[in-house]
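Please read the structure below before turning to the comments.
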Amino acid sequence: MKMKVLSAVALMLVMSVGTAGAIVDLSAGAYYGMDIPVVNDQATSGGMFGLQAKVSLLHSLGLGVYYSSSSLGEVEKTFFEGDPDEFTESIEGGDVTSYGLDAYLGVMSGVPGFKFYLVGSVGQWKWERDYTDEVSEVVWGIGPGMEFVLPFGLGIEGRGTFRIAPTDDDGSVKSFVWFVGANYHFGGLLK
Amino acid sequence: MKTTTGIILAAALALLMSACIMTGQNTFIMGIEVGATTNTTITPILVDLNEEPDYADNKDNIKSVDEISVVAIITNNLPAPATARLYLSNDESLTTVEDIEAEATLVYESPTIPASDKIKIGWKDGFKYVQNQDAIEKEVFGDGIFIIYAIAADTPFSLDVKAEIAVTITAGE
């Protein structure tokens, strides 16, 4: 089911690129930020890095692909509280990897200046901890972002995204991620 | 292009507004006060999860039981190695090792405790010694009240068992 959803979206992406006729801008870059679990009692915030590439086929619409990897922070609990045997133990939050597709609404060209956009994403999300089974789900995300593109094609980007991975039991794993990154704009192709 | 962008954005927005974002996680820790147990003196231990506010407050809206670990400090009082076992039941009338093994569900088996020695199983290690997690989950989704029996894999045995169960649940509307 998860793979069918991702395959369908990927197919739409390929068809979109194939029928658009002109690429306004093509860019690729890397970023670093934080992955902040939301109402999650199994992990705390941790650093995140990622890679992305974007293609803008119209000035206000774009599509992209991303890969991100987070190392979540420890959680701590105290046991036998008030007892002579009381102790506190921390367990690691684990590693999260995600890859998928981004859809952008907003100014996406590589023309120098500030660009603001709204991004929605869908991807595959995997959470691994060494003491329990891994969790793998489809993840959705949405949030705003901005990029300042310099005259020589380098863009400095900042983004905040709310991510949610619905689980099979009507629950979900949620996080807020933010990052700052740099993209290189290759400019338009096939104009 | 417009269609693809619209579909992804609309789906992400729809998910934001859906019910599944209104859930949150809690980990509650509940004591299992066994104390001394021998093959001739086995006491049923009542566990009432409702005494723990994080459980009681969310009891009617639990979506999933995400993780269960049992933390324990176990002393083996006999000069032979022992393996402690915790059994879950809703019947508090079981009094013998044979009855417990036949009627109750094994939910925890410790590593071997050396003769006349004591071991501590922490939170992280405690995940792997939980057995038949479904039986515990059923009680969490149920009334939260059950009986625990502490025995050993072999008789005779004499153990002092101090344990706590750490349960992570997802609850919400």
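Note on naming: chains are A, B, ... as they come in the structure tokens, residues start from 1 per chain, ligands start from 1 in the order shown.
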Cut-off 9 Å: closest chain A/chain B atom pairs per residue, using only C-alpha atoms, as JSON lines:
```
{"residue": "A:Val9", "atom": "CA", "partner": "B:Thr4", "partner_atom": "CA", "distance": 7.5}
{"residue": "A:Met12", "atom": "CA", "partner": "B:Thr4", "partner_atom": "CA", "distance": 6.0}
{"residue": "A:Leu13", "atom": "CA", "partner": "B:Thr4", "partner_atom": "CA", "distance": 6.5}
{"residue": "A:Met15", "atom": "CA", "partner": "B:Met1", "partner_atom": "CA", "distance": 8.1}
{"residue": "A:Ser16", "atom": "CA", "partner": "B:Met1", "partner_atom": "CA", "distance": 4.5}
{"residue": "A:Val17", "atom": "CA", "partner": "B:Met1", "partner_atom": "CA", "distance": 7.0}
{"residue": "A:Thr19", "atom": "CA", "partner": "B:Met1", "partner_atom": "CA", "distance": 8.1}
{"residue": "A:Ala20", "atom": "CA", "partner": "B:Met1", "partner_atom": "CA", "distance": 6.9}
{"residue": "A:Val38", "atom": "CA", "partner": "B:Gly24", "partner_atom": "CA", "distance": 8.0}
{"residue": "A:Val39", "atom": "CA", "partner": "B:Gly24", "partner_atom": "CA", "distance": 4.9}
{"residue": "A:Asn40", "atom": "CA", "partner": "B:Gln25", "partner_atom": "CA", "distance": 5.2}
{"residue": "A:Asp41", "atom": "CA", "partner": "B:Gln25", "partner_atom": "CA", "distance": 5.5}
{"residue": "A:Gln42", "atom": "CA", "partner": "B:Thr168", "partner_atom": "CA", "distance": 8.0}
{"residue": "A:Leu57", "atom": "CA", "partner": "B:Met1", "partner_atom": "CA", "distance": 7.4}
{"residue": "A:Leu58", "atom": "CA", "partner": "B:Met1", "partner_atom": "CA", "distance": 8.4}
{"residue": "A:Leu61", "atom": "CA", "partner": "B:Lys2", "partner_atom": "CA", "distance": 7.1}
{"residue": "A:Gly62", "atom": "CA", "partner": "B:Thr5", "partner_atom": "CA", "distance": 7.3}
{"residue": "A:Leu63", "atom": "CA", "partner": "B:Thr5", "partner_atom": "CA", "distance": 7.0}
{"residue": "A:Lys77", "atom": "CA", "partner": "B:Trp123", "partner_atom": "CA", "distance": 8.4}
{"residue": "A:Thr78", "atom": "CA", "partner": "B:Ile29", "partner_atom": "CA", "distance": 9.0}
{"residue": "A:Phe79", "atom": "CA", "partner": "B:Glu164", "partner_atom": "CA", "distance": 7.4}
{"residue": "A:Phe80", "atom": "CA", "partner": "B:Glu164", "partner_atom": "CA", "distance": 7.4}
{"residue": "A:Asp85", "atom": "CA", "partner": "B:Ile73", "partner_atom": "CA", "distance": 8.4}
{"residue": "A:Glu89", "atom": "CA", "partner": "B:Trp123", "partner_atom": "CA", "distance": 6.8}
{"residue": "A:Ser90", "atom": "CA", "partner": "B:Lys124", "partner_atom": "CA", "distance": 8.2}
{"residue": "A:Ile91", "atom": "CA", "partner": "B:Lys124", "partner_atom": "CA", "distance": 6.3}
{"residue": "A:Leu101", "atom": "CA", "partner": "B:Ile8", "partner_atom": "CA", "distance": 8.7}
{"residue": "A:Asp102", "atom": "CA", "partner": "B:Ile8", "partner_atom": "CA", "distance": 7.7}
{"residue": "A:Ala103", "atom": "CA", "partner": "B:Thr5", "partner_atom": "CA", "distance": 4.8}
{"residue": "A:Tyr104", "atom": "CA", "partner": "B:Thr5", "partner_atom": "CA", "distance": 6.6}
{"residue": "A:Leu105", "atom": "CA", "partner": "B:Thr5", "partner_atom": "CA", "distance": 7.4}
{"residue": "A:Leu118", "atom": "CA", "partner": "B:Leu9", "partner_atom": "CA", "distance": 8.5}
{"residue": "A:Val119", "atom": "CA", "partner": "B:Leu9", "partner_atom": "CA", "distance": 7.0}
{"residue": "A:Gly120", "atom": "CA", "partner": "B:Leu9", "partner_atom": "CA", "distance": 4.6}
{"residue": "A:Ser121", "atom": "CA", "partner": "B:Ile8", "partner_atom": "CA", "distance": 6.2}
{"residue": "A:Val122", "atom": "CA", "partner": "B:Ile8", "partner_atom": "CA", "distance": 6.9}
{"residue": "A:Tyr131", "atom": "CA", "partner": "B:Lys124", "partner_atom": "CA", "distance": 6.6}
{"residue": "A:Thr132", "atom": "CA", "partner": "B:Phe127", "partner_atom": "CA", "distance": 7.5}
{"residue": "A:Trp140", "atom": "CA", "partner": "B:Ala12", "partner_atom": "CA", "distance": 5.7}
{"residue": "A:Gly141", "atom": "CA", "partner": "B:Ala12", "partner_atom": "CA", "distance": 5.9}
{"residue": "A:Ile142", "atom": "CA", "partner": "B:Ala12", "partner_atom": "CA", "distance": 5.9}
{"residue": "A:Phe162", "atom": "CA", "partner": "B:Leu16", "partner_atom": "CA", "distance": 8.6}
{"residue": "A:Arg163", "atom": "CA", "partner": "B:Ala12", "partner_atom": "CA", "distance": 9.0}
{"residue": "A:Ile164", "atom": "CA", "partner": "B:Ile21", "partner_atom": "CA", "distance": 7.4}
{"residue": "A:Pro166", "atom": "CA", "partner": "B:Cys20", "partner_atom": "CA", "distance": 6.8}
{"residue": "A:Thr167", "atom": "CA", "partner": "B:Cys20", "partner_atom": "CA", "distance": 8.8}
{"residue": "A:Asp169", "atom": "CA", "partner": "B:Ser64", "partner_atom": "CA", "distance": 6.1}
{"residue": "A:Asp170", "atom": "CA", "partner": "B:Cys20", "partner_atom": "CA", "distance": 6.0}
{"residue": "A:Gly171", "atom": "CA", "partner": "B:Cys20", "partner_atom": "CA", "distance": 5.4}
{"residue": "A:Ser172", "atom": "CA", "partner": "B:Cys20", "partner_atom": "CA", "distance": 6.0}
{"residue": "A:Val173", "atom": "CA", "partner": "B:Ile21", "partner_atom": "CA", "distance": 8.4}
{"residue": "A:Lys174", "atom": "CA", "partner": "B:Ile21", "partner_atom": "CA", "distance": 7.5}
```
Selection above as a file: C-alpha atoms, as a PDB file, in the first residue's frame:
```pdb
ATOM      1  CA  VAL A   9       3.053  10.122  -6.764  1.00  0.00           C
ATOM      2  CA  MET A  12       2.714  11.870 -11.521  1.00  0.00           C
ATOM      3  CA  LEU A  13       6.000  13.675 -10.951  1.00  0.00           C
ATOM      4  CA  MET A  15       4.535  12.789 -16.132  1.00  0.00           C
ATOM      5  CA  SER A  16       4.460  16.379 -14.911  1.00  0.00           C
ATOM      6  CA  VAL A  17       8.064  16.961 -15.868  1.00  0.00           C
ATOM      7  CA  THR A  19       4.609  17.345 -20.224  1.00  0.00           C
ATOM      8  CA  ALA A  20       5.653  20.729 -18.896  1.00  0.00           C
ATOM      9  CA  VAL A  38       5.841  16.227  18.943  1.00  0.00           C
ATOM     10  CA  VAL A  39       3.874  14.567  21.793  1.00  0.00           C
ATOM     11  CA  ASN A  40       6.282  11.675  21.525  1.00  0.00           C
ATOM     12  CA  ASP A  41       7.447   9.997  24.724  1.00  0.00           C
ATOM     13  CA  GLN A  42      10.030   7.786  23.046  1.00  0.00           C
ATOM     14  CA  LEU A  57       8.427  24.179 -14.209  1.00  0.00           C
ATOM     15  CA  LEU A  58       6.393  27.317 -13.653  1.00  0.00           C
ATOM     16  CA  LEU A  61       5.077  25.790  -8.805  1.00  0.00           C
ATOM     17  CA  GLY A  62       7.833  23.299  -8.227  1.00  0.00           C
ATOM     18  CA  LEU A  63       8.529  19.678  -7.451  1.00  0.00           C
ATOM     19  CA  LYS A  77      12.880   7.770  33.137  1.00  0.00           C
ATOM     20  CA  THR A  78      13.294   7.177  36.859  1.00  0.00           C
ATOM     21  CA  PHE A  79      12.383   3.822  38.344  1.00  0.00           C
ATOM     22  CA  PHE A  80      11.608   2.765  41.924  1.00  0.00           C
ATOM     23  CA  ASP A  85      17.037   1.126  44.698  1.00  0.00           C
ATOM     24  CA  GLU A  89      18.001   5.413  32.940  1.00  0.00           C
ATOM     25  CA  SER A  90      18.200   6.963  29.502  1.00  0.00           C
ATOM     26  CA  ILE A  91      17.602   5.201  26.231  1.00  0.00           C
ATOM     27  CA  LEU A 101       8.745  14.062  -2.940  1.00  0.00           C
ATOM     28  CA  ASP A 102       8.114  17.746  -2.263  1.00  0.00           C
ATOM     29  CA  ALA A 103       5.552  19.948  -3.978  1.00  0.00           C
ATOM     30  CA  TYR A 104       6.107  23.707  -3.796  1.00  0.00           C
ATOM     31  CA  LEU A 105       3.617  26.523  -4.123  1.00  0.00           C
ATOM     32  CA  LEU A 118       4.551  26.578   0.963  1.00  0.00           C
ATOM     33  CA  VAL A 119       5.733  22.988   0.668  1.00  0.00           C
ATOM     34  CA  GLY A 120       3.821  19.742   0.950  1.00  0.00           C
ATOM     35  CA  SER A 121       5.628  16.421   0.956  1.00  0.00           C
ATOM     36  CA  VAL A 122       5.003  12.713   0.896  1.00  0.00           C
ATOM     37  CA  TYR A 131      16.271  -2.275  21.378  1.00  0.00           C
ATOM     38  CA  THR A 132      13.018  -2.645  19.461  1.00  0.00           C
ATOM     39  CA  TRP A 140       3.340  13.534   5.065  1.00  0.00           C
ATOM     40  CA  GLY A 141       4.585  17.027   5.680  1.00  0.00           C
ATOM     41  CA  ILE A 142       3.580  20.622   5.187  1.00  0.00           C
ATOM     42  CA  PHE A 162       5.235  19.596  10.352  1.00  0.00           C
ATOM     43  CA  ARG A 163       5.611  15.904   9.591  1.00  0.00           C
ATOM     44  CA  ILE A 164       3.100  13.215  10.407  1.00  0.00           C
ATOM     45  CA  PRO A 166       0.024   7.811  10.419  1.00  0.00           C
ATOM     46  CA  THR A 167       0.373   4.369  11.993  1.00  0.00           C
ATOM     47  CA  ASP A 169      -3.633   1.732  14.713  1.00  0.00           C
ATOM     48  CA  ASP A 170      -5.228   5.184  14.151  1.00  0.00           C
ATOM     49  CA  GLY A 171      -2.321   6.892  15.857  1.00  0.00           C
ATOM     50  CA  SER A 172       0.554   8.760  14.305  1.00  0.00           C
ATOM     51  CA  VAL A 173       4.153   9.758  14.880  1.00  0.00           C
ATOM     52  CA  LYS A 174       4.560  13.493  14.599  1.00  0.00           C
TER      53      LYS A 174
END
```
Discussion item. Please compute the CA of Gly153 (chain A)-CA of His59 (chain A) distance, one decimal, in Å.
Written reply: 16.1 Å
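Closest to Val177 (chain A) among A:Tyr117, A:Gly155, A:Gly143, A:Ser56 is A:Gly143, based on only C-alpha atoms.
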Worksheet entry | All residues 10 Å or closer to Ser71 (chain A), only C-alpha atoms, same chain fewer than 6 positions away omitted, as a VMD selection string | chain A and resid 34 to 35 43 to 49 92 to 97 127 to 128
Would you put the residues from that selection into a file with N, CA and C atoms, as a short mmCIF file (atom, residue, chain, number, x, y, z; two decimals), in the first residue's frame?
```cif
data_model
loop_
_atom_site.label_atom_id
_atom_site.label_comp_id
_atom_site.auth_asym_id
_atom_site.auth_seq_id
_atom_site.Cartn_x
_atom_site.Cartn_y
_atom_site.Cartn_z
N MET A 34 17.01 20.63 12.84
CA MET A 34 16.59 19.84 14.00
C MET A 34 15.31 19.07 13.67
N ASP A 35 15.22 17.88 14.22
CA ASP A 35 14.02 17.06 14.15
C ASP A 35 13.45 17.02 15.56
N ALA A 43 11.34 9.70 22.30
CA ALA A 43 12.54 10.34 21.77
C ALA A 43 12.45 11.84 22.02
N THR A 44 13.59 12.49 21.99
CA THR A 44 13.64 13.95 22.09
C THR A 44 14.36 14.50 20.85
N SER A 45 14.49 15.81 20.81
CA SER A 45 15.03 16.46 19.62
C SER A 45 16.44 15.99 19.27
N GLY A 46 16.70 16.01 17.99
CA GLY A 46 18.04 15.65 17.54
C GLY A 46 18.38 16.34 16.23
N GLY A 47 19.63 16.31 15.89
CA GLY A 47 20.08 16.96 14.66
C GLY A 47 19.62 16.21 13.42
N MET A 48 19.48 16.95 12.35
CA MET A 48 19.02 16.36 11.09
C MET A 48 19.83 16.95 9.94
N PHE A 49 20.22 16.13 9.00
CA PHE A 49 20.80 16.67 7.77
C PHE A 49 20.06 16.07 6.58
N GLU A 92 18.34 5.70 24.01
CA GLU A 92 18.53 6.56 22.84
C GLU A 92 17.23 6.71 22.04
N GLY A 93 17.11 7.86 21.40
CA GLY A 93 15.90 8.12 20.62
C GLY A 93 15.90 7.43 19.27
N GLY A 94 17.06 7.00 18.82
CA GLY A 94 17.12 6.27 17.56
C GLY A 94 17.37 7.16 16.36
N ASP A 95 17.43 6.53 15.21
CA ASP A 95 17.72 7.23 13.95
C ASP A 95 16.50 7.19 13.03
N VAL A 96 16.21 8.33 12.45
CA VAL A 96 15.09 8.44 11.51
C VAL A 96 15.64 8.78 10.13
N THR A 97 15.22 8.04 9.14
CA THR A 97 15.57 8.39 7.76
C THR A 97 14.27 8.54 6.97
N TRP A 127 12.07 4.60 11.31
CA TRP A 127 12.61 4.93 12.64
C TRP A 127 13.25 3.66 13.21
N GLU A 128 14.54 3.73 13.48
CA GLU A 128 15.28 2.55 13.95
C GLU A 128 15.86 2.80 15.34
#
```
Discussion item. Run DSSP on the backbone and tell me which residues of region 7-163 of chain B come out as strand (DSSP E); list them as a PyMOL selection string.
Written reply: chain B and resi 23-38+45-48+62-76+82-89+105-113+118-121+145-152+158-163
Fill in: Nearest candidate to Val180 (chain A) (options A:Ala165, A:Glu76, A:Lys54, A:Arg159; using only C-alpha atoms)
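Among A:Ala165, A:Glu76, A:Lys54, A:Arg159, it is A:Arg159 that comes nearest to Val180 (chain A).
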Discussion item. I'd like the contact shell of Leu159 (chain B) - 9 Å cut-off, only C-alpha atoms, skipping same-chain residues fewer than 4 positions apart - returned as an MDAnalysis selection string.
Written reply: chainID B and resid 35:38 74:78 82 84 150:152
Those residues you just picked out, can you put them in a file as a PDB file, in the first residue's frame with N, CA and C atoms?
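Writing done, so here's result-v2.pdb:
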```
ATOM      1  N   GLY B  35       7.796  -8.762  46.184  1.00  0.00           N
ATOM      2  CA  GLY B  35       8.485  -9.111  47.432  1.00  0.00           C
ATOM      3  C   GLY B  35       9.009 -10.531  47.379  1.00  0.00           C
ATOM      4  N   ALA B  36       8.912 -11.237  48.498  1.00  0.00           N
ATOM      5  CA  ALA B  36       9.442 -12.600  48.575  1.00  0.00           C
ATOM      6  C   ALA B  36       8.457 -13.593  47.956  1.00  0.00           C
ATOM      7  N   THR B  37       9.013 -14.521  47.196  1.00  0.00           N
ATOM      8  CA  THR B  37       8.176 -15.580  46.626  1.00  0.00           C
ATOM      9  C   THR B  37       8.973 -16.880  46.621  1.00  0.00           C
ATOM     10  N   THR B  38       8.333 -17.944  47.065  1.00  0.00           N
ATOM     11  CA  THR B  38       8.966 -19.261  47.035  1.00  0.00           C
ATOM     12  C   THR B  38       7.984 -20.249  46.427  1.00  0.00           C
ATOM     13  N   ILE B  74      16.071  -8.543  41.082  1.00  0.00           N
ATOM     14  CA  ILE B  74      15.684  -9.880  41.551  1.00  0.00           C
ATOM     15  C   ILE B  74      16.832 -10.498  42.334  1.00  0.00           C
ATOM     16  N   THR B  75      16.514 -10.964  43.525  1.00  0.00           N
ATOM     17  CA  THR B  75      17.508 -11.634  44.365  1.00  0.00           C
ATOM     18  C   THR B  75      17.175 -13.117  44.426  1.00  0.00           C
ATOM     19  N   ASN B  76      18.166 -13.928  44.158  1.00  0.00           N
ATOM     20  CA  ASN B  76      18.013 -15.375  44.238  1.00  0.00           C
ATOM     21  C   ASN B  76      18.577 -15.823  45.590  1.00  0.00           C
ATOM     22  N   ASN B  77      17.718 -16.339  46.448  1.00  0.00           N
ATOM     23  CA  ASN B  77      18.141 -16.687  47.813  1.00  0.00           C
ATOM     24  C   ASN B  77      18.674 -18.108  47.945  1.00  0.00           C
ATOM     25  N   LEU B  78      18.625 -18.882  46.883  1.00  0.00           N
ATOM     26  CA  LEU B  78      19.066 -20.274  46.984  1.00  0.00           C
ATOM     27  C   LEU B  78      20.432 -20.469  46.315  1.00  0.00           C
ATOM     28  N   ALA B  82      18.732 -19.492  39.089  1.00  0.00           N
ATOM     29  CA  ALA B  82      17.265 -19.474  38.915  1.00  0.00           C
ATOM     30  C   ALA B  82      16.890 -18.512  37.791  1.00  0.00           C
ATOM     31  N   ALA B  84      13.639 -16.155  36.916  1.00  0.00           N
ATOM     32  CA  ALA B  84      12.348 -15.665  37.415  1.00  0.00           C
ATOM     33  C   ALA B  84      11.353 -15.535  36.267  1.00  0.00           C
ATOM     34  N   ALA B 150       4.577 -14.367  40.541  1.00  0.00           N
ATOM     35  CA  ALA B 150       6.024 -14.474  40.325  1.00  0.00           C
ATOM     36  C   ALA B 150       6.505 -15.847  40.797  1.00  0.00           C
ATOM     37  N   ILE B 151       7.053 -16.582  39.860  1.00  0.00           N
ATOM     38  CA  ILE B 151       7.602 -17.890  40.195  1.00  0.00           C
ATOM     39  C   ILE B 151       8.953 -18.021  39.486  1.00  0.00           C
ATOM     40  N   ALA B 152       9.523 -19.214  39.517  1.00  0.00           N
ATOM     41  CA  ALA B 152      10.778 -19.460  38.801  1.00  0.00           C
ATOM     42  C   ALA B 152      10.580 -20.619  37.837  1.00  0.00           C
TER      43      ALA B 152
END
```
Fill in: Distance criterion (only C-alpha atoms): nearest to Pro156 (chain B) out of B:Pro44, B:Gly144, B:Pro81, B:Pro114
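Nearest to Pro156 (chain B): B:Pro81.
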Could you pull out the alpha helix (DSSP H) residues of chain B, going by DSSP on the backbone, and write them as a PDB file with C-alpha atoms, in the first residue's frame?
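To be explicit, this is the file written out as states.pdb:
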```pdb
ATOM      1  CA  LYS B   2      -0.312  21.854 -11.200  1.00  0.00           C
ATOM      2  CA  THR B   3      -2.206  18.634 -10.537  1.00  0.00           C
ATOM      3  CA  THR B   4       0.739  16.922  -8.845  1.00  0.00           C
ATOM      4  CA  THR B   5       1.556  19.944  -6.706  1.00  0.00           C
ATOM      5  CA  GLY B   6      -2.099  20.348  -5.790  1.00  0.00           C
ATOM      6  CA  ILE B   7      -2.556  16.707  -4.849  1.00  0.00           C
ATOM      7  CA  ILE B   8       0.465  16.596  -2.540  1.00  0.00           C
ATOM      8  CA  LEU B   9      -0.375  19.903  -0.874  1.00  0.00           C
ATOM      9  CA  ALA B  10      -4.052  19.034  -0.493  1.00  0.00           C
ATOM     10  CA  ALA B  11      -3.282  15.596   0.926  1.00  0.00           C
ATOM     11  CA  ALA B  12      -0.818  17.043   3.429  1.00  0.00           C
ATOM     12  CA  LEU B  13      -3.336  19.695   4.480  1.00  0.00           C
ATOM     13  CA  ALA B  14      -6.107  17.127   4.798  1.00  0.00           C
ATOM     14  CA  LEU B  15      -3.922  15.011   7.028  1.00  0.00           C
ATOM     15  CA  LEU B  16      -3.165  17.982   9.227  1.00  0.00           C
ATOM     16  CA  MET B  17      -6.877  18.418   9.813  1.00  0.00           C
ATOM     17  CA  PRO B  53      -3.001   9.046  36.303  1.00  0.00           C
ATOM     18  CA  ASP B  54      -1.343   8.870  32.879  1.00  0.00           C
ATOM     19  CA  TYR B  55      -3.253   5.649  32.294  1.00  0.00           C
ATOM     20  CA  ALA B  56      -6.515   6.551  34.027  1.00  0.00           C
ATOM     21  CA  VAL B  97       3.377 -23.444  40.423  1.00  0.00           C
ATOM     22  CA  GLU B  98       1.541 -26.093  38.418  1.00  0.00           C
ATOM     23  CA  ASP B  99      -1.748 -24.150  38.437  1.00  0.00           C
ATOM     24  CA  ILE B 100      -0.016 -20.927  37.452  1.00  0.00           C
ATOM     25  CA  GLU B 101       1.873 -22.533  34.595  1.00  0.00           C
ATOM     26  CA  ALA B 102      -1.335 -24.164  33.373  1.00  0.00           C
ATOM     27  CA  GLU B 103      -3.790 -21.307  33.829  1.00  0.00           C
ATOM     28  CA  TRP B 123      14.555  -0.215  31.110  1.00  0.00           C
ATOM     29  CA  LYS B 124      16.386  -0.808  27.842  1.00  0.00           C
ATOM     30  CA  ASP B 125      17.181  -4.460  28.581  1.00  0.00           C
ATOM     31  CA  GLY B 126      13.693  -5.021  29.963  1.00  0.00           C
ATOM     32  CA  GLN B 133       3.043  -8.810  24.966  1.00  0.00           C
ATOM     33  CA  ASP B 134      -0.443  -9.199  23.485  1.00  0.00           C
ATOM     34  CA  ALA B 135      -1.706 -10.444  26.864  1.00  0.00           C
ATOM     35  CA  ILE B 136      -0.500  -7.287  28.602  1.00  0.00           C
ATOM     36  CA  GLU B 137      -1.880  -5.097  25.817  1.00  0.00           C
ATOM     37  CA  LYS B 138      -5.273  -6.752  26.239  1.00  0.00           C
ATOM     38  CA  GLU B 139      -5.310  -5.706  29.900  1.00  0.00           C
ATOM     39  CA  VAL B 140      -4.204  -2.165  29.036  1.00  0.00           C
ATOM     40  CA  PHE B 141      -7.072  -1.874  26.556  1.00  0.00           C
TER      41      PHE B 141
END
```
